[in-house]
$ cat input16.cif   # mmCIF, C-alpha atoms
data_work
#
loop_
_atom_site.label_atom_id
_atom_site.label_comp_id
_atom_site.auth_asym_id
_atom_site.auth_seq_id
_atom_site.Cartn_x
_atom_site.Cartn_y
_atom_site.Cartn_z
CA MET H 26 128.72 61.35 -64.55
CA THR H 27 131.74 59.20 -63.79
CA ASP H 28 131.64 55.73 -62.26
CA GLU H 29 133.10 57.23 -59.09
CA GLU H 30 130.19 59.66 -58.92
CA LEU H 31 127.72 56.82 -59.56
CA LEU H 32 129.20 54.76 -56.73
CA HIS H 33 129.03 57.81 -54.49
CA ALA H 34 125.37 58.25 -55.43
CA LEU H 35 124.68 54.59 -54.68
CA LYS H 36 126.10 55.05 -51.20
CA ASN H 37 124.55 58.42 -50.42
CA ASN H 38 121.34 58.51 -52.46
CA PRO H 39 120.65 54.84 -53.18
CA ASN H 40 117.42 55.16 -55.15
CA GLU H 41 118.81 57.73 -57.55
CA GLY H 42 122.18 56.00 -57.73
CA LEU H 43 120.67 52.64 -58.62
CA GLU H 44 118.42 54.20 -61.23
CA LEU H 45 121.39 55.99 -62.82
CA ALA H 46 123.51 52.83 -62.74
CA MET H 47 120.73 50.81 -64.35
CA ARG H 48 120.21 53.40 -67.09
CA ARG H 49 123.88 53.46 -67.86
CA TYR H 50 124.80 49.78 -67.55
CA THR H 51 121.74 47.59 -68.20
CA GLY H 52 122.72 47.18 -71.85
CA LEU H 53 126.27 46.14 -70.98
CA VAL H 54 125.16 43.73 -68.27
CA TYR H 55 122.52 42.25 -70.59
CA THR H 56 125.11 41.71 -73.34
CA ILE H 57 127.52 39.96 -70.97
CA VAL H 58 124.86 37.78 -69.34
CA TYR H 59 123.31 36.88 -72.70
CA GLY H 60 126.72 35.90 -74.04
CA ARG H 61 127.25 33.61 -71.09
CA ILE H 62 123.88 31.84 -71.11
CA SER H 63 122.51 32.15 -74.66
CA ALA H 64 123.25 28.50 -75.45
CA VAL H 65 121.20 27.26 -72.49
CA GLY H 66 118.93 30.12 -71.42
CA THR H 67 116.01 32.10 -72.75
CA PRO H 68 115.76 35.88 -73.13
CA GLU H 69 113.59 35.83 -70.00
CA ASP H 70 116.40 34.06 -68.12
CA THR H 71 118.78 36.77 -69.27
CA GLU H 72 116.45 39.53 -68.07
CA GLU H 73 116.06 37.84 -64.69
CA LEU H 74 119.80 37.47 -64.26
CA VAL H 75 120.36 41.11 -65.23
CA ALA H 76 117.90 42.13 -62.52
CA ASP H 77 119.73 39.84 -60.08
CA VAL H 78 123.02 41.61 -60.84
CA PHE H 79 121.51 44.97 -59.90
CA VAL H 80 119.90 43.47 -56.78
CA GLU H 81 123.33 42.17 -55.79
CA LEU H 82 124.78 45.63 -56.42
CA TRP H 83 122.11 47.04 -54.10
CA ARG H 84 122.76 44.42 -51.40
CA SER H 85 126.49 45.02 -51.56
CA ARG H 86 125.82 48.65 -50.75
CA GLU H 87 123.86 47.65 -47.67
CA ASN H 88 126.47 45.15 -46.52
CA GLY H 89 129.38 47.56 -46.71
CA ASP H 90 131.06 45.84 -49.66
CA ASN H 91 134.73 46.82 -49.83
CA ASP H 92 134.27 48.03 -53.40
CA TYR H 93 131.89 50.72 -52.16
CA ARG H 94 134.34 51.86 -49.53
CA ASN H 95 137.07 51.99 -52.17
CA ASP H 96 135.08 53.62 -54.97
CA ARG H 97 138.03 55.71 -56.12
CA THR H 98 139.92 52.65 -57.36
CA VAL H 99 137.13 50.32 -58.50
CA GLY H 100 134.90 51.47 -61.34
CA LEU H 101 131.23 50.62 -61.36
CA GLN H 102 131.62 48.76 -64.64
CA PHE H 103 134.23 46.48 -63.06
CA LEU H 104 132.04 46.00 -60.00
CA LEU H 105 129.03 45.01 -62.13
CA VAL H 106 131.07 42.56 -64.19
CA ARG H 107 132.38 41.03 -60.98
CA LYS H 108 128.80 40.67 -59.68
CA ILE H 109 127.88 38.81 -62.87
CA GLY H 110 130.50 36.19 -62.03
CA HIS H 111 128.96 35.42 -58.63
#

$ encode --input "input16.cif" --output "structure tokens"
Amino acid sequence: MTDEELLHALKNNPNEGLELAMRRYTGLVYTIVYGRISAVGTPEDTEELVADVFVELWRSRENGDNDYRNDRTVGLQFLLVRKIGH
């Protein structure tokens, strides 16, 4: 499944789309978050922030985030990394 298809699933079948996105990208998000906070945070902090990233992904879907409307040009991986920066 491509990122475009995952974003489409998030918009049209949110529960399945979020589950698929989490299965595919939790490891990547964890690695990025851990790299950013490992000097000051605990593994539990990392896990909480990873969950927050996926919650933000979910909320963006509900709020009509431009990235969801433009899913052909923005990959889910890019969108998740951008959410980490917020």

$ atom_distance --input "input16.cif" --atom1 "atom CA of H:Val58" --atom2 "atom CA of H:Ala46"
16.5 Å

$ closest_residue --input "input16.cif" --among "H:Met26, H:Leu104, H:Arg86, H:Gly60" --to "H:Asn38" --atoms "only C-alpha atoms"
H:Arg86

$ closest_residue --input "input16.cif" --among "H:Thr67, H:Thr27, H:Tyr59, H:Val75" --to "H:Met47" --atoms "all atoms listed in the file"
H:Val75

$ closest_residue --input "input16.cif" --among "H:Glu29, H:Glu69, H:Glu41, H:Asp77" --to "H:Val54" --atoms "all atoms listed in the file"
H:Asp77

$ axis_aligned_box --input "input16.cif" --around "stretch 71-83 of chain H" --padding-each-side "8 Å" --output "AutoDock Vina command-line options"
--center_x 120.4 --center_y 41.9 --center_z -61.7 --size_x 24.7 --size_y 26.3 --size_z 31.2

$ atom_distance --input "input16.cif" --atom1 "atom CA of H:Glu30" --atom2 "atom CA of H:Ile109"
21.3 Å

$ closest_residue --input "input16.cif" --among "H:Ala76, H:Val106, H:Leu82, H:Asn37" --to "H:Ile57" --atoms "all atoms listed in the file"
H:Val106

$ closest_residue --input "input16.cif" --among "H:Leu31, H:Lys36, H:Phe79, H:Ser63" --to "H:Thr51" --atoms "only C-alpha atoms"
H:Phe79

$ atom_distance --input "input16.cif" --atom1 "atom CA of H:Leu105" --atom2 "atom CA of H:Glu72"
15.0 Å

$ closest_residue --input "input16.cif" --among "H:Trp83, H:Asn40, H:Thr71, H:Asp28" --to "H:Tyr55" --atoms "only C-alpha atoms"
H:Thr71
